[in-house]
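Since the structure comes first, as structure tokens, the remarks are kept for the end.
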Amino acid sequence: MRKRIWAAALFFAVCFSACTANEDVDKSTVVLRIANMEEYIDEGRWDEEIELEDGTAIVSKESLIEDFSKWYEETYHRKIRVEYATVGTNEELYNLMSLGNTFDVVCPSEYMIMKLMEEGRLLPLSEEFWDVSKEENYYAKGVSPYISDTFDELSVNGTPIGRYAAGYMWGTLGLVYNPSVVSAEDAAHWASLCDRKYYKQITMKDSVRDSLFAGLCILNEKEYLSPAFLQDTNYREKISAMQNDTSVEVIDQVEDILSDMRENAYSIETDSGRSDLVSQKAYLSMQWSGDAVYAMDVARESGFVLNYSAPEECTNLWFDGWVMMRSGIMEDLRKQQAAEAFINFISRPDNVIRNMYSIGYTSVIAGGDSNAVFDYLKYCYAADEDEEETADYDLSYFFGEEDHVITAPVDQVSRQLYAQYPPEDVIRRSVVMRGFEEDARKRVAQMWINIRCFDPTSKR
């Protein structure tokens with residue numbers, strides 16, 4: 001999934017082509033090298049068929065990589081060979097490229113996109129990519145206006161990241177909790193992770209950026225929730241600045257908070273927190289929204305309920321996006337066209353649905369003229385006609401039109417639908433974490449070493 005930090009297949013490449021595996025690639029074949037996080041694309045071979053409201057059937061017999069290769073050759077009448085590699089983290093991807101591994105298209109998170117932009121390593125998306133008159137330009141026609149606006153707001157040296165990056169998945173950081181043990185009031189605050197009432201019943205992320213984010217929220221809780229701060233006309237700018245503060249004083253204070261959290265934790269984990277919630281070894285867990293959906297789904301199948309909270313202080317708004325590497329594409333216009341075609345192919349609404357169903361995360365694609373993505377959400381979350389307790393859930397901000405409201409079972413207001421598409425009040429208090437300057441990176445890294453090596457039996 002999105003930011004997993006466990007050991008992934010370091011360089012697992014799968015090649016698809018009209019050529020055989022042992023056949024030399026002739027000069028007319030485009031070779032496209034793609035790197036993505038592991039388990040972050042539909043690998044096909046489902047047993048289920050999804051039937052939408054208009055009768056459209058979504059099936060997945062082969063992987064999206066295989067289907068792209070076939071689609072590309074049928075659409076552009078040119079042979080292609082895709083070399084698909086997976087990595088475990090943004091840092092692993094960066095290190096691979098720094099060691100000389102060359103990719104054409106990669107899918108890092110927002111802070112890594114900014115870093116690559118600062119280093120001049122990315123190729124901008126072409127003018128043709130944004131031409132909505134072209135049938136195959138599914139990204140430009142279908143990206144959510146909310147996502148597009150957010151990408152325009154995020155910039156490096158005055159250049160919006162949307163000039164270089166096409167969004168893939170997005171979400172929030174929050175708390176998954178068992179409501180039979182943890183109250184909704186407690187789960188509404190990050191400080192619950194330090195509450196001794198839940199001693200050894202919580203898990204925290206083995207991720208410096210995400211844990212730092214939670215620590216900053218706890219540090220600034222009183223100010224964030226004060227009426228004066230909430231009503232400040234510069235609220236968004238102020239909360240963003242405070243959540244990206246990596247000064248010596250602030251990091252020292254956050255280290256104390258995270259040390260308490262670490263001592264309170266059943267585990268510091270990267271992937272096991274979901275299963276710990278399901279097995280009820282833990283009742284409160286810091287989770288990315290996509291993994292939260294997975295945990296809630298499995299818990300439901302096991303006969304009990306888990307909920308998701310985006311705490312009231314602030315939540316991390318994260319994005320992953322596709323970018324083209326200058327060192328891979330170079331000046332090869334055929335390769336650039338193939339790279340942009342790949343981004344468009346996986347942005348086609350039926351393929352967006354395949355991805356969301358397969359990996360559990362939320363696409364940046366709203367669908368444009370197609371209602372397929374919204375119909376898929378109704379397929380997943382709309383209340384049955386005989387449902388008695390329902391709530392209207394407004395998704396107009398994401399789809400860009402006022403009639404995008406789902407009437408859902410009332411419990412979805414704090415569960416999967418809420419996790420996948422946060423309401424506007426959560427969006428307002430969402431902050432993107434930026435990349436660290438070198439001095440800050442070293443300071444934060446040392447802080448995290450101290451937390452990871454913390455001995456709960458010692459006295460600080």
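Order determines the names: the first chain of the structure tokens is A, the second B, and so forth; residues in each chain are numbered 1 upward, and ligands are numbered 1 upward as they are shown.
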
Original post:
Hey, what's within 12 Å of Arg452 of chain A if we count only C-alpha atoms and toss same-chain stuff fewer than 3 positions away? As a PyMOL selection string, please?
Top reply: chain A and resi 204-208+211+255+258-259+261-263+265+267-269+445-449+455-456

For segment 266-353 of chain A versus segment 217-236 of chain A, which residues have an atom no more than 10 Å away, and what is each residue's nearest atom pair and distance in Å rounded to one decimal, using only C-alpha atoms, chain-then-number order, as a tab-separated table?
```
residue	atom	partner	partner_atom	distance
A:Pro311	CA	A:Cys217	CA	9.1
A:Glu312	CA	A:Leu225	CA	7.6
A:Glu313	CA	A:Tyr224	CA	5.7
A:Cys314	CA	A:Cys217	CA	6.4
A:Thr315	CA	A:Cys217	CA	8.3
A:Asn316	CA	A:Cys217	CA	9.9
```

Could you give me the residues within segment 105-315 of chain A that DSSP places in strand (DSSP E), as a CSV table (one decimal) with N, CA, C and O atoms, in the first residue's frame?
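Dumped to states_13.csv:
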```csv
chain,number,residue,atom,x,y,z
A,105,VAL,N,9.0,6.6,-15.5
A,105,VAL,CA,7.8,7.1,-14.8
A,105,VAL,C,7.9,6.5,-13.4
A,105,VAL,O,8.0,5.3,-13.2
A,106,VAL,N,7.7,7.3,-12.3
A,106,VAL,CA,7.7,6.9,-11.0
A,106,VAL,C,6.5,7.5,-10.2
A,106,VAL,O,5.9,8.5,-10.7
A,122,LEU,N,12.8,16.3,-12.9
A,122,LEU,CA,11.6,15.9,-13.5
A,122,LEU,C,11.4,16.6,-14.8
A,122,LEU,O,11.8,17.7,-15.0
A,123,LEU,N,10.6,15.9,-15.7
A,123,LEU,CA,10.2,16.5,-17.0
A,123,LEU,C,8.8,17.0,-16.9
A,123,LEU,O,7.9,16.2,-16.4
A,155,SER,N,3.6,24.5,-4.5
A,155,SER,CA,4.5,24.9,-5.5
A,155,SER,C,6.0,24.8,-5.0
A,155,SER,O,6.2,24.7,-3.8
A,156,VAL,N,6.9,24.7,-5.9
A,156,VAL,CA,8.3,24.7,-5.7
A,156,VAL,C,8.9,25.9,-6.4
A,156,VAL,O,8.8,25.9,-7.7
A,159,THR,N,6.6,27.3,-8.9
A,159,THR,CA,6.0,26.5,-10.0
A,159,THR,C,5.1,25.4,-9.3
A,159,THR,O,5.5,24.7,-8.5
A,160,PRO,N,3.8,25.4,-9.7
A,160,PRO,CA,2.9,24.4,-9.1
A,160,PRO,C,3.3,23.0,-9.4
A,160,PRO,O,3.8,22.7,-10.5
A,166,ALA,N,1.0,14.2,-12.1
A,166,ALA,CA,-0.4,13.9,-12.2
A,166,ALA,C,-0.7,13.0,-11.0
A,166,ALA,O,-0.1,12.0,-10.8
A,167,GLY,N,-1.8,13.4,-10.3
A,167,GLY,CA,-2.1,12.7,-9.1
A,167,GLY,C,-2.5,11.2,-9.3
A,167,GLY,O,-3.0,10.9,-10.4
A,168,TYR,N,-2.4,10.4,-8.3
A,168,TYR,CA,-2.8,9.0,-8.4
A,168,TYR,C,-3.7,8.6,-7.3
A,168,TYR,O,-4.9,8.4,-7.5
A,169,MET,N,-3.3,8.6,-6.0
A,169,MET,CA,-4.1,8.3,-4.9
A,169,MET,C,-4.0,9.5,-3.9
A,169,MET,O,-2.9,10.2,-3.9
A,170,TRP,N,-4.9,9.6,-3.0
A,170,TRP,CA,-4.8,10.6,-1.9
A,170,TRP,C,-5.6,10.1,-0.7
A,170,TRP,O,-6.3,9.2,-0.8
A,171,GLY,N,-5.4,10.8,0.4
A,171,GLY,CA,-6.1,10.4,1.6
A,171,GLY,C,-5.6,11.2,2.8
A,171,GLY,O,-4.9,12.3,2.7
A,172,THR,N,-6.0,10.8,4.0
A,172,THR,CA,-5.7,11.4,5.2
A,172,THR,C,-5.0,10.5,6.2
A,172,THR,O,-4.9,9.3,6.0
A,173,LEU,N,-4.4,11.0,7.3
A,173,LEU,CA,-3.9,10.2,8.4
A,173,LEU,C,-4.8,10.4,9.5
A,173,LEU,O,-5.2,11.5,9.9
A,174,GLY,N,-5.2,9.3,10.2
A,174,GLY,CA,-6.1,9.4,11.3
A,174,GLY,C,-6.0,8.2,12.3
A,174,GLY,O,-4.9,7.5,12.3
A,175,LEU,N,-7.0,8.0,13.0
A,175,LEU,CA,-7.1,7.0,14.1
A,175,LEU,C,-8.2,6.0,13.8
A,175,LEU,O,-9.3,6.4,13.6
A,176,VAL,N,-7.8,4.7,13.7
A,176,VAL,CA,-8.8,3.7,13.7
A,176,VAL,C,-9.0,3.2,15.1
A,176,VAL,O,-8.0,2.9,15.8
A,177,TYR,N,-10.3,3.0,15.5
A,177,TYR,CA,-10.5,2.7,16.9
A,177,TYR,C,-11.7,1.7,17.0
A,177,TYR,O,-12.6,1.7,16.2
A,202,ILE,N,-2.5,0.7,22.1
A,202,ILE,CA,-2.4,1.6,20.9
A,202,ILE,C,-1.2,1.1,20.1
A,202,ILE,O,-0.3,0.5,20.5
A,203,THR,N,-1.3,1.5,18.8
A,203,THR,CA,-0.1,1.3,17.9
A,203,THR,C,0.2,2.6,17.3
A,203,THR,O,-0.7,3.4,17.0
A,204,MET,N,1.5,2.9,17.0
A,204,MET,CA,1.9,4.1,16.3
A,204,MET,C,2.7,3.7,15.1
A,204,MET,O,3.2,2.5,15.0
A,205,LYS,N,2.8,4.6,14.1
A,205,LYS,CA,3.5,4.3,12.9
A,205,LYS,C,5.0,4.3,13.0
A,205,LYS,O,5.5,5.3,13.6
A,265,ALA,N,2.7,2.5,23.7
A,265,ALA,CA,2.3,1.7,22.5
A,265,ALA,C,2.5,0.2,22.7
A,265,ALA,O,3.5,-0.3,23.3
A,266,TYR,N,1.5,-0.6,22.2
A,266,TYR,CA,1.7,-2.0,22.1
A,266,TYR,C,2.7,-2.3,21.1
A,266,TYR,O,3.5,-3.3,21.2
A,267,SER,N,2.7,-1.6,20.0
A,267,SER,CA,3.8,-1.8,19.0
A,267,SER,C,4.0,-0.5,18.2
A,267,SER,O,3.1,0.4,18.1
A,268,ILE,N,5.1,-0.4,17.6
A,268,ILE,CA,5.4,0.6,16.6
A,268,ILE,C,5.6,-0.1,15.3
A,268,ILE,O,6.4,-1.0,15.1
A,269,GLU,N,4.7,0.1,14.3
A,269,GLU,CA,4.5,-0.8,13.2
A,269,GLU,C,4.4,-0.1,11.9
A,269,GLU,O,4.2,1.1,11.8
A,284,LEU,N,-6.7,1.1,19.4
A,284,LEU,CA,-6.6,2.4,18.8
A,284,LEU,C,-5.3,2.5,18.0
A,284,LEU,O,-4.2,2.1,18.6
A,285,SER,N,-5.3,2.9,16.8
A,285,SER,CA,-4.2,2.8,15.9
A,285,SER,C,-4.1,3.9,14.9
A,285,SER,O,-5.0,4.3,14.3
A,286,MET,N,-2.9,4.5,14.8
A,286,MET,CA,-2.6,5.5,13.8
A,286,MET,C,-2.5,4.8,12.5
A,286,MET,O,-1.7,3.9,12.3
A,287,GLN,N,-3.3,5.3,11.5
A,287,GLN,CA,-3.4,4.6,10.2
A,287,GLN,C,-3.6,5.6,9.1
A,287,GLN,O,-4.3,6.6,9.3
A,288,TRP,N,-3.1,5.2,7.9
A,288,TRP,CA,-3.5,5.9,6.7
A,288,TRP,C,-4.9,5.5,6.3
A,288,TRP,O,-5.3,4.4,6.5
A,307,ASN,N,-14.1,2.0,13.7
A,307,ASN,CA,-14.4,3.4,13.2
A,307,ASN,C,-13.1,4.1,12.8
A,307,ASN,O,-12.0,3.7,13.3
A,308,TYR,N,-13.2,5.2,12.1
A,308,TYR,CA,-12.1,6.0,11.7
A,308,TYR,C,-12.4,7.4,12.1
A,308,TYR,O,-13.5,7.9,12.0
A,309,SER,N,-11.3,8.1,12.6
A,309,SER,CA,-11.4,9.5,13.0
A,309,SER,C,-10.3,10.3,12.4
A,309,SER,O,-9.1,9.8,12.5
A,315,THR,N,-5.3,17.0,10.4
A,315,THR,CA,-4.9,15.7,9.8
A,315,THR,C,-4.0,16.0,8.6
A,315,THR,O,-4.0,17.0,8.0
```

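Compared by their closest atoms to Glu249 of chain A, and using only C-alpha atoms, the residues A:Ala440, A:Ala383, A:Val30, A:Ala408 rank with A:Ala440 nearest.
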
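Comparing the minimum interatomic distances between Gln201 of chain A and each of A:Val143, A:Ile161, A:Ile451, A:Val181, counting only C-alpha atoms, we find that A:Val181 sits nearest.
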
**OP:** Output as an NGL selection string all residues of segment 209-422 of chain A that backbone DSSP marks as alpha helix (DSSP H).
**Re:** :A and (209-219 or 221-225 or 227-230 or 235-243 or 248-264 or 272-278 or 289-301 or 326-329 or 333-346 or 349-359 or 372-381 or 396-399 or 416-420)

Subject >> Computed interatomic separation between atom CA of Ser370 of chain A and atom CA of Phe342 of chain A (Å) >> reply: 19.2 Å

Under the rule of at most 12 Å, produce a per-residue listing of segment 206-273 of chain A near segment 317-333 of chain A: chain, number, name, the closest pair of atoms, and the distance in Å, as JSON lines, using only C-alpha atoms.
```
{"residue": "A:Arg209", "atom": "CA", "partner": "A:Trp318", "partner_atom": "CA", "distance": 11.3}
{"residue": "A:Asp210", "atom": "CA", "partner": "A:Trp318", "partner_atom": "CA", "distance": 10.3}
{"residue": "A:Phe213", "atom": "CA", "partner": "A:Leu317", "partner_atom": "CA", "distance": 10.7}
{"residue": "A:Ser240", "atom": "CA", "partner": "A:Leu317", "partner_atom": "CA", "distance": 10.8}
{"residue": "A:Gln243", "atom": "CA", "partner": "A:Leu317", "partner_atom": "CA", "distance": 11.5}
```

Original post:
So, counting only C-alpha atoms, which residue among A:Pro145, A:Gly215, A:Pro422, A:Gly368 is closest to Asp260 of chain A?
Top reply: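 Using only C-alpha atoms, Asp260 of chain A sits closest to A:Gly215.
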
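Atom CA of Asp42 of chain A is found 8.4 Å from atom CA of Ile65 of chain A.
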
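Counting only C-alpha atoms, the residue from A:Lys115, A:Val59, A:Ala310, A:Phe399 that sits nearest to Ala184 of chain A is A:Ala310.
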